[in-house]
$ cat data.tsv   # TSV, C-alpha atoms and all ligand atoms
chain	number	residue	atom	x	y	z
A	1	MET	CA	0.00	0.00	0.00
A	2	GLN	CA	1.44	3.33	-0.96
A	3	MET	CA	1.67	5.93	1.77
A	4	SER	CA	0.20	9.40	1.78
A	5	TYR	CA	0.34	12.23	4.21
A	6	ALA	CA	-2.48	14.08	5.92
A	7	GLU	CA	-1.94	17.57	7.25
A	8	TRP	CA	-4.15	19.48	9.61
A	9	VAL	CA	-3.91	22.50	11.86
A	10	CYS	CA	-4.87	21.94	15.50
A	11	PRO	CA	-7.88	24.14	16.39
A	12	GLU	CA	-6.54	24.52	19.95
A	13	CYS	CA	-2.89	25.40	19.57
A	14	LYS	CA	-2.61	25.99	15.79
A	15	THR	CA	0.20	23.49	15.46
A	16	LYS	CA	0.46	21.94	12.03
A	17	ASN	CA	0.25	18.17	12.38
A	18	ARG	CA	1.48	15.94	9.64
A	19	GLU	CA	1.07	12.21	9.70
A	20	SER	CA	1.27	9.30	7.37
A	21	CYS	CA	-1.86	7.45	6.36
A	22	ASN	CA	-2.87	4.97	3.69
A	23	SER	CA	-3.77	6.55	0.38
A	24	TRP	CA	-7.53	6.14	0.97
A	25	MET	CA	-7.33	7.72	4.43
A	26	TYR	CA	-8.86	4.73	6.17
A	27	GLY	CA	-8.50	5.13	9.90
A	28	SER	CA	-9.97	6.80	12.93
A	29	PRO	CA	-11.45	10.26	12.22
A	30	ILE	CA	-10.58	11.25	15.79
A	31	ARG	CA	-7.06	12.62	15.62
A	32	GLN	CA	-4.90	13.82	18.44
A	33	CYS	CA	-2.69	16.88	18.22
A	34	LYS	CA	0.95	15.91	18.73
A	35	ALA	CA	1.73	19.18	20.48
A	36	CYS	CA	-1.13	19.79	22.94
A	37	ARG	CA	-2.81	16.34	22.94
A	38	SER	CA	-6.25	17.77	22.28
A	39	GLU	CA	-8.56	15.68	20.14
A	40	TYR	CA	-10.06	16.79	16.91
A	41	LEU	CA	-12.46	15.33	14.35
A	42	ASP	CA	-11.12	14.97	10.83
A	43	ARG	CA	-13.90	13.87	8.51
A	44	ARG	CA	-11.42	13.19	5.73
A	45	PHE	CA	-10.56	9.95	7.52
A	46	ARG	CA	-12.96	7.13	6.85
A	47	GLU	CA	-13.95	4.82	9.67
A	48	VAL	CA	-14.70	2.06	7.21
A	49	ALA	CA	-17.06	0.03	9.43
A	50	ILE	CA	-19.31	3.12	9.46
A	51	ASP	CA	-18.42	5.09	6.36
A	52	GLY	CA	-17.70	2.19	4.02
A	53	PHE	CA	-14.78	1.96	1.62
A	54	ASP	CA	-13.89	4.64	-0.83
A	55	PRO	CA	-15.83	3.59	-3.96
A	56	ARG	CA	-12.77	4.33	-6.07
A	57	SER	CA	-10.77	1.66	-4.26
A	58	ASN	CA	-12.95	-1.09	-5.71
A	59	ASN	CA	-13.44	0.31	-9.14
A	60	ALA	CA	-10.89	-1.07	-11.60
A	61	LYS	CA	-12.64	0.63	-14.54
A	62	ILE	CA	-11.25	4.06	-13.66
A	63	TYR	CA	-7.72	2.67	-13.82
A	64	VAL	CA	-8.39	0.80	-17.05
A	65	LYS	CA	-9.57	4.10	-18.56
A	66	GLY	CA	-6.40	5.71	-17.20
A	67	VAL	CA	-4.28	3.02	-18.86
A	68	LEU	CA	-5.98	3.56	-22.25
A	69	PHE	CA	-5.77	7.35	-22.00
A	70	LEU	CA	-2.09	7.40	-21.01
A	71	LEU	CA	-1.21	4.77	-23.61
A	72	ALA	CA	-2.86	6.92	-26.27
A	73	ILE	CA	-0.69	9.89	-25.23
A	74	ALA	CA	2.42	7.70	-25.19
A	75	VAL	CA	1.63	6.42	-28.70
A	76	ILE	CA	1.00	9.94	-30.04
A	77	CYS	CA	4.32	11.12	-28.56
A	78	GLY	CA	6.01	8.04	-29.98
A	79	VAL	CA	4.62	8.62	-33.48
A	80	LEU	CA	5.47	12.32	-33.31
A	81	THR	CA	9.05	11.51	-32.30
A	82	TYR	CA	9.31	8.90	-35.04
A	83	PHE	CA	8.35	11.39	-37.76
A	84	GLN	CA	10.52	14.14	-36.27
A	85	TYR	CA	13.44	11.75	-36.01
A	86	ALA	CA	12.99	10.84	-39.68
A	87	LYS	CA	13.49	14.51	-40.48
A	88	GLY	CA	16.67	14.60	-38.41
A	89	TYR	CA	15.57	16.16	-35.12
A	90	TYR	CA	13.40	15.34	-32.15
A	91	SER	CA	11.95	17.16	-29.16
A	92	VAL	CA	13.19	16.07	-25.72
A	93	LYS	CA	9.91	17.33	-24.23
A	94	VAL	CA	7.83	15.05	-26.46
A	95	VAL	CA	10.06	12.06	-25.66
A	96	ALA	CA	9.80	12.84	-21.91
A	97	ALA	CA	6.01	13.27	-22.09
A	98	GLY	CA	5.73	9.96	-23.93
A	99	ALA	CA	7.94	8.16	-21.40
A	100	LEU	CA	6.03	9.62	-18.43
A	101	SER	CA	2.70	8.65	-19.98
A	102	ALA	CA	3.97	5.12	-20.54
A	103	LEU	CA	5.08	4.93	-16.89
A	104	GLY	CA	1.72	6.30	-15.75
A	105	ALA	CA	-0.04	3.68	-17.86
A	106	ILE	CA	2.00	0.93	-16.19
A	107	ALA	CA	1.15	2.33	-12.72
A	108	CYS	CA	-2.57	2.40	-13.57
A	109	LEU	CA	-2.34	-1.12	-14.96
A	110	VAL	CA	-0.74	-2.39	-11.73
A	111	LEU	CA	-3.52	-0.78	-9.66
A	112	ALA	CA	-6.22	-2.22	-11.94
A	113	MET	CA	-4.65	-5.70	-11.66
A	114	ARG	CA	-4.42	-5.39	-7.88
A	115	ILE	CA	-8.13	-4.67	-7.69
A	116	LYS	CA	-9.05	-7.35	-10.23
A	117	PHE	CA	-7.12	-10.04	-8.42
A	118	GLY	CA	-8.31	-9.08	-4.98
A	119	PHE	CA	-5.13	-7.74	-3.39
A	120	GLN	CA	-6.90	-4.50	-2.68
A	121	ASN	CA	-9.80	-6.42	-1.18
A	122	LYS	CA	-7.45	-8.25	1.15
A	123	ALA	CA	-6.06	-4.90	2.28
A	124	ASN	CA	-9.65	-3.69	2.71
A	125	ASP	CA	-10.41	-6.68	4.96
A	126	LYS	CA	-7.53	-5.62	7.16
A	127	TYR	CA	-8.80	-2.02	7.38
A	128	MET	CA	-12.31	-3.28	8.16
A	129	GLU	CA	-10.96	-5.46	10.97
A	130	GLU	CA	-9.02	-2.54	12.44
A	131	SER	CA	-12.08	-0.32	12.19
A	132	LYS	CA	-14.32	-2.87	13.90
A	133	ALA	CA	-11.72	-3.39	16.63
A	134	ARG	CA	-11.76	0.36	17.37
A	135	LEU	CA	-15.56	0.33	17.56
A	136	ARG	CA	-15.51	-2.41	20.22
A	137	ASP	CA	-14.28	0.25	22.61
A	138	PRO	CA	-17.43	1.83	24.15
A	139	GLN	CA	-15.57	5.04	24.99
A	140	TYR	CA	-14.47	5.44	21.40
A	141	VAL	CA	-18.05	4.81	20.21
A	142	LYS	CA	-19.32	7.47	22.64
A	143	LYS	CA	-16.79	9.96	21.30
A	144	LEU	CA	-17.82	9.29	17.71
A	145	GLU	CA	-21.50	9.62	18.61
A	146	GLY	CA	-20.65	12.88	20.33
A	147	TYR	CA	-19.28	14.06	16.99
A	148	GLY	CA	-22.56	13.15	15.31
A	149	TYR	CA	-21.74	9.71	13.89
A	150	ARG	CA	-24.59	7.24	13.84
A	151	ILE	CA	-23.27	3.82	14.71
A	152	ASP	CA	-25.12	0.61	14.06
A	153	GLU	CA	-25.87	-1.45	17.19
A	154	SER	CA	-24.38	-4.56	15.59
A	155	LEU	CA	-20.96	-2.86	15.42
A	156	LYS	CA	-20.82	-2.19	19.14
A	157	LYS	CA	-20.48	-5.84	20.17
A	201	ZN	ZN	-2.79	21.27	19.51

$ encode --input "data.tsv" --output "structure tokens" --more "lines below"
Ligand SMILES: [Zn+2]
Amino acid sequence: MQMSYAEWVCPECKTKNRESCNSWMYGSPIRQCKACRSEYLDRRFREVAIDGFDPRSNNAKIYVKGVLFLLAIAVICGVLTYFQYAKGYYSVKVVAAGALSALGAIACLVLAMRIKFGFQNKANDKYMEESKARLRDPQYVKKLEGYGYRIDESLKK
């Protein structure tokens, strides 16, 4: 799983907190300021047992479209370079754009394959387990409800 970073400014002490998270921001929406220890709700984080998974994380079609789109750009750049090269010159920018597009296409393809073959789903199972484990803590549930979350009774066991 690739890592991303979430940044937020503490409403109490205005410290800028920066922390790593998974790229879908699955995790507890209750964050704690590293400087003053006050707690803060960050709705960008998804408590997956309540909020569900990010629909994009299960949708391989978006990535397949990305592959086709980027491949098309790579091919256009390739053809352009081929004709330029035949005339005795070529543009470094076009070659670079083509190479980057080809790399992007490979990245999208890898993501699409991961989803198709269930690797992403396995990772999702892990996030769901972690989320459910957090919700077994009645104090944590109370806090979330205090922030306006509606939590299904079946999750509290
Ligand atoms: Zn703070």

$ closest_atom_pairs --input "data.tsv" --of "stretch 112-131 of chain A" --to "stretch 26-44 of chain A" --cutoff "9 Å" --atoms "all atoms listed in the file" --output "Markdown table"
| residue | atom | partner | partner_atom | distance |
| --- | --- | --- | --- | --- |
| A:Tyr127 | CA | A:Tyr26 | CA | 6.9 |
| A:Met128 | CA | A:Tyr26 | CA | 8.9 |
| A:Glu130 | CA | A:Gly27 | CA | 8.1 |
| A:Ser131 | CA | A:Gly27 | CA | 6.9 |

$ residues_around --input "data.tsv" --residues "A:Gly104" --least-positions-apart "3" --cutoff "12 Å" --atoms "all atoms listed in the file" --output "PDB file with C-alpha atoms, in the coordinates of the input"
ATOM      1  CA  TYR A  63      -7.720   2.670 -13.820  1.00  0.00           C
ATOM      2  CA  VAL A  64      -8.390   0.800 -17.050  1.00  0.00           C
ATOM      3  CA  LYS A  65      -9.570   4.100 -18.560  1.00  0.00           C
ATOM      4  CA  GLY A  66      -6.400   5.710 -17.200  1.00  0.00           C
ATOM      5  CA  VAL A  67      -4.280   3.020 -18.860  1.00  0.00           C
ATOM      6  CA  LEU A  68      -5.980   3.560 -22.250  1.00  0.00           C
ATOM      7  CA  PHE A  69      -5.770   7.350 -22.000  1.00  0.00           C
ATOM      8  CA  LEU A  70      -2.090   7.400 -21.010  1.00  0.00           C
ATOM      9  CA  LEU A  71      -1.210   4.770 -23.610  1.00  0.00           C
ATOM     10  CA  ALA A  72      -2.860   6.920 -26.270  1.00  0.00           C
ATOM     11  CA  ILE A  73      -0.690   9.890 -25.230  1.00  0.00           C
ATOM     12  CA  ALA A  74       2.420   7.700 -25.190  1.00  0.00           C
ATOM     13  CA  ALA A  97       6.010  13.270 -22.090  1.00  0.00           C
ATOM     14  CA  GLY A  98       5.730   9.960 -23.930  1.00  0.00           C
ATOM     15  CA  ALA A  99       7.940   8.160 -21.400  1.00  0.00           C
ATOM     16  CA  LEU A 100       6.030   9.620 -18.430  1.00  0.00           C
ATOM     17  CA  SER A 101       2.700   8.650 -19.980  1.00  0.00           C
ATOM     18  CA  ALA A 107       1.150   2.330 -12.720  1.00  0.00           C
ATOM     19  CA  CYS A 108      -2.570   2.400 -13.570  1.00  0.00           C
ATOM     20  CA  LEU A 109      -2.340  -1.120 -14.960  1.00  0.00           C
ATOM     21  CA  VAL A 110      -0.740  -2.390 -11.730  1.00  0.00           C
ATOM     22  CA  LEU A 111      -3.520  -0.780  -9.660  1.00  0.00           C
TER      23      LEU A 111
END

$ closest_residue --input "data.tsv" --among "A:Asn59, A:Ser4, A:Gln84, A:Asn17" --to "ligand ZN 201 (chain A)" --atoms "all atoms listed in the file"
A:Asn17

$ atom_distance --input "data.tsv" --atom1 "atom CA of A:Arg136" --atom2 "atom CA of A:Val48"
13.8 Å

$ atom_distance --input "data.tsv" --atom1 "atom CA of A:Glu47" --atom2 "atom CA of A:Phe119"
20.2 Å

$ decode --input "data.tsv" --residues "stretch 19-133 of chain A" --atoms "C-alpha atoms" --output "PDB file, in the first residue's frame"
ATOM      1  CA  GLU A  19       1.069  12.207   9.702  1.00  0.00           C
ATOM      2  CA  SER A  20       1.272   9.299   7.365  1.00  0.00           C
ATOM      3  CA  CYS A  21      -1.862   7.445   6.364  1.00  0.00           C
ATOM      4  CA  ASN A  22      -2.866   4.975   3.692  1.00  0.00           C
ATOM      5  CA  SER A  23      -3.774   6.548   0.377  1.00  0.00           C
ATOM      6  CA  TRP A  24      -7.529   6.143   0.972  1.00  0.00           C
ATOM      7  CA  MET A  25      -7.334   7.723   4.431  1.00  0.00           C
ATOM      8  CA  TYR A  26      -8.861   4.731   6.171  1.00  0.00           C
ATOM      9  CA  GLY A  27      -8.501   5.131   9.897  1.00  0.00           C
ATOM     10  CA  SER A  28      -9.966   6.802  12.932  1.00  0.00           C
ATOM     11  CA  PRO A  29     -11.446  10.256  12.225  1.00  0.00           C
ATOM     12  CA  ILE A  30     -10.583  11.253  15.788  1.00  0.00           C
ATOM     13  CA  ARG A  31      -7.060  12.618  15.620  1.00  0.00           C
ATOM     14  CA  GLN A  32      -4.904  13.818  18.439  1.00  0.00           C
ATOM     15  CA  CYS A  33      -2.688  16.885  18.224  1.00  0.00           C
ATOM     16  CA  LYS A  34       0.946  15.907  18.726  1.00  0.00           C
ATOM     17  CA  ALA A  35       1.729  19.178  20.478  1.00  0.00           C
ATOM     18  CA  CYS A  36      -1.131  19.791  22.939  1.00  0.00           C
ATOM     19  CA  ARG A  37      -2.815  16.340  22.944  1.00  0.00           C
ATOM     20  CA  SER A  38      -6.253  17.770  22.278  1.00  0.00           C
ATOM     21  CA  GLU A  39      -8.558  15.679  20.143  1.00  0.00           C
ATOM     22  CA  TYR A  40     -10.055  16.785  16.909  1.00  0.00           C
ATOM     23  CA  LEU A  41     -12.460  15.328  14.352  1.00  0.00           C
ATOM     24  CA  ASP A  42     -11.116  14.966  10.831  1.00  0.00           C
ATOM     25  CA  ARG A  43     -13.902  13.867   8.513  1.00  0.00           C
ATOM     26  CA  ARG A  44     -11.417  13.188   5.731  1.00  0.00           C
ATOM     27  CA  PHE A  45     -10.557   9.949   7.521  1.00  0.00           C
ATOM     28  CA  ARG A  46     -12.965   7.129   6.846  1.00  0.00           C
ATOM     29  CA  GLU A  47     -13.946   4.817   9.670  1.00  0.00           C
ATOM     30  CA  VAL A  48     -14.701   2.056   7.209  1.00  0.00           C
ATOM     31  CA  ALA A  49     -17.063   0.027   9.430  1.00  0.00           C
ATOM     32  CA  ILE A  50     -19.312   3.120   9.459  1.00  0.00           C
ATOM     33  CA  ASP A  51     -18.425   5.094   6.360  1.00  0.00           C
ATOM     34  CA  GLY A  52     -17.699   2.194   4.021  1.00  0.00           C
ATOM     35  CA  PHE A  53     -14.784   1.961   1.624  1.00  0.00           C
ATOM     36  CA  ASP A  54     -13.895   4.640  -0.828  1.00  0.00           C
ATOM     37  CA  PRO A  55     -15.834   3.590  -3.955  1.00  0.00           C
ATOM     38  CA  ARG A  56     -12.767   4.327  -6.068  1.00  0.00           C
ATOM     39  CA  SER A  57     -10.769   1.660  -4.256  1.00  0.00           C
ATOM     40  CA  ASN A  58     -12.945  -1.095  -5.705  1.00  0.00           C
ATOM     41  CA  ASN A  59     -13.442   0.315  -9.144  1.00  0.00           C
ATOM     42  CA  ALA A  60     -10.892  -1.072 -11.599  1.00  0.00           C
ATOM     43  CA  LYS A  61     -12.639   0.632 -14.541  1.00  0.00           C
ATOM     44  CA  ILE A  62     -11.249   4.061 -13.659  1.00  0.00           C
ATOM     45  CA  TYR A  63      -7.720   2.669 -13.815  1.00  0.00           C
ATOM     46  CA  VAL A  64      -8.394   0.799 -17.051  1.00  0.00           C
ATOM     47  CA  LYS A  65      -9.569   4.105 -18.564  1.00  0.00           C
ATOM     48  CA  GLY A  66      -6.399   5.706 -17.197  1.00  0.00           C
ATOM     49  CA  VAL A  67      -4.277   3.021 -18.862  1.00  0.00           C
ATOM     50  CA  LEU A  68      -5.980   3.561 -22.246  1.00  0.00           C
ATOM     51  CA  PHE A  69      -5.774   7.353 -22.004  1.00  0.00           C
ATOM     52  CA  LEU A  70      -2.094   7.404 -21.010  1.00  0.00           C
ATOM     53  CA  LEU A  71      -1.214   4.772 -23.607  1.00  0.00           C
ATOM     54  CA  ALA A  72      -2.863   6.921 -26.271  1.00  0.00           C
ATOM     55  CA  ILE A  73      -0.695   9.888 -25.230  1.00  0.00           C
ATOM     56  CA  ALA A  74       2.420   7.699 -25.186  1.00  0.00           C
ATOM     57  CA  VAL A  75       1.631   6.416 -28.695  1.00  0.00           C
ATOM     58  CA  ILE A  76       0.999   9.939 -30.038  1.00  0.00           C
ATOM     59  CA  CYS A  77       4.315  11.119 -28.560  1.00  0.00           C
ATOM     60  CA  GLY A  78       6.014   8.043 -29.981  1.00  0.00           C
ATOM     61  CA  VAL A  79       4.618   8.617 -33.475  1.00  0.00           C
ATOM     62  CA  LEU A  80       5.475  12.318 -33.313  1.00  0.00           C
ATOM     63  CA  THR A  81       9.055  11.513 -32.303  1.00  0.00           C
ATOM     64  CA  TYR A  82       9.310   8.901 -35.036  1.00  0.00           C
ATOM     65  CA  PHE A  83       8.349  11.391 -37.759  1.00  0.00           C
ATOM     66  CA  GLN A  84      10.519  14.140 -36.268  1.00  0.00           C
ATOM     67  CA  TYR A  85      13.440  11.747 -36.006  1.00  0.00           C
ATOM     68  CA  ALA A  86      12.991  10.837 -39.677  1.00  0.00           C
ATOM     69  CA  LYS A  87      13.491  14.509 -40.479  1.00  0.00           C
ATOM     70  CA  GLY A  88      16.666  14.602 -38.407  1.00  0.00           C
ATOM     71  CA  TYR A  89      15.570  16.161 -35.121  1.00  0.00           C
ATOM     72  CA  TYR A  90      13.398  15.345 -32.151  1.00  0.00           C
ATOM     73  CA  SER A  91      11.951  17.156 -29.158  1.00  0.00           C
ATOM     74  CA  VAL A  92      13.192  16.074 -25.722  1.00  0.00           C
ATOM     75  CA  LYS A  93       9.910  17.328 -24.233  1.00  0.00           C
ATOM     76  CA  VAL A  94       7.833  15.050 -26.458  1.00  0.00           C
ATOM     77  CA  VAL A  95      10.060  12.063 -25.657  1.00  0.00           C
ATOM     78  CA  ALA A  96       9.803  12.841 -21.908  1.00  0.00           C
ATOM     79  CA  ALA A  97       6.005  13.266 -22.086  1.00  0.00           C
ATOM     80  CA  GLY A  98       5.732   9.958 -23.928  1.00  0.00           C
ATOM     81  CA  ALA A  99       7.937   8.162 -21.400  1.00  0.00           C
ATOM     82  CA  LEU A 100       6.031   9.625 -18.430  1.00  0.00           C
ATOM     83  CA  SER A 101       2.701   8.652 -19.979  1.00  0.00           C
ATOM     84  CA  ALA A 102       3.967   5.118 -20.539  1.00  0.00           C
ATOM     85  CA  LEU A 103       5.080   4.925 -16.895  1.00  0.00           C
ATOM     86  CA  GLY A 104       1.718   6.300 -15.747  1.00  0.00           C
ATOM     87  CA  ALA A 105      -0.043   3.684 -17.856  1.00  0.00           C
ATOM     88  CA  ILE A 106       1.998   0.932 -16.188  1.00  0.00           C
ATOM     89  CA  ALA A 107       1.154   2.326 -12.722  1.00  0.00           C
ATOM     90  CA  CYS A 108      -2.567   2.396 -13.567  1.00  0.00           C
ATOM     91  CA  LEU A 109      -2.337  -1.117 -14.960  1.00  0.00           C
ATOM     92  CA  VAL A 110      -0.736  -2.387 -11.730  1.00  0.00           C
ATOM     93  CA  LEU A 111      -3.524  -0.775  -9.659  1.00  0.00           C
ATOM     94  CA  ALA A 112      -6.218  -2.218 -11.941  1.00  0.00           C
ATOM     95  CA  MET A 113      -4.654  -5.698 -11.662  1.00  0.00           C
ATOM     96  CA  ARG A 114      -4.420  -5.390  -7.878  1.00  0.00           C
ATOM     97  CA  ILE A 115      -8.131  -4.668  -7.690  1.00  0.00           C
ATOM     98  CA  LYS A 116      -9.050  -7.353 -10.230  1.00  0.00           C
ATOM     99  CA  PHE A 117      -7.118 -10.045  -8.419  1.00  0.00           C
ATOM    100  CA  GLY A 118      -8.310  -9.080  -4.975  1.00  0.00           C
ATOM    101  CA  PHE A 119      -5.125  -7.744  -3.389  1.00  0.00           C
ATOM    102  CA  GLN A 120      -6.899  -4.500  -2.685  1.00  0.00           C
ATOM    103  CA  ASN A 121      -9.802  -6.420  -1.182  1.00  0.00           C
ATOM    104  CA  LYS A 122      -7.453  -8.247   1.152  1.00  0.00           C
ATOM    105  CA  ALA A 123      -6.055  -4.905   2.276  1.00  0.00           C
ATOM    106  CA  ASN A 124      -9.651  -3.690   2.708  1.00  0.00           C
ATOM    107  CA  ASP A 125     -10.411  -6.678   4.957  1.00  0.00           C
ATOM    108  CA  LYS A 126      -7.529  -5.623   7.163  1.00  0.00           C
ATOM    109  CA  TYR A 127      -8.799  -2.021   7.379  1.00  0.00           C
ATOM    110  CA  MET A 128     -12.306  -3.275   8.161  1.00  0.00           C
ATOM    111  CA  GLU A 129     -10.961  -5.458  10.974  1.00  0.00           C
ATOM    112  CA  GLU A 130      -9.017  -2.536  12.440  1.00  0.00           C
ATOM    113  CA  SER A 131     -12.077  -0.315  12.190  1.00  0.00           C
ATOM    114  CA  LYS A 132     -14.322  -2.875  13.903  1.00  0.00           C
ATOM    115  CA  ALA A 133     -11.724  -3.389  16.631  1.00  0.00           C
TER     116      ALA A 133
END
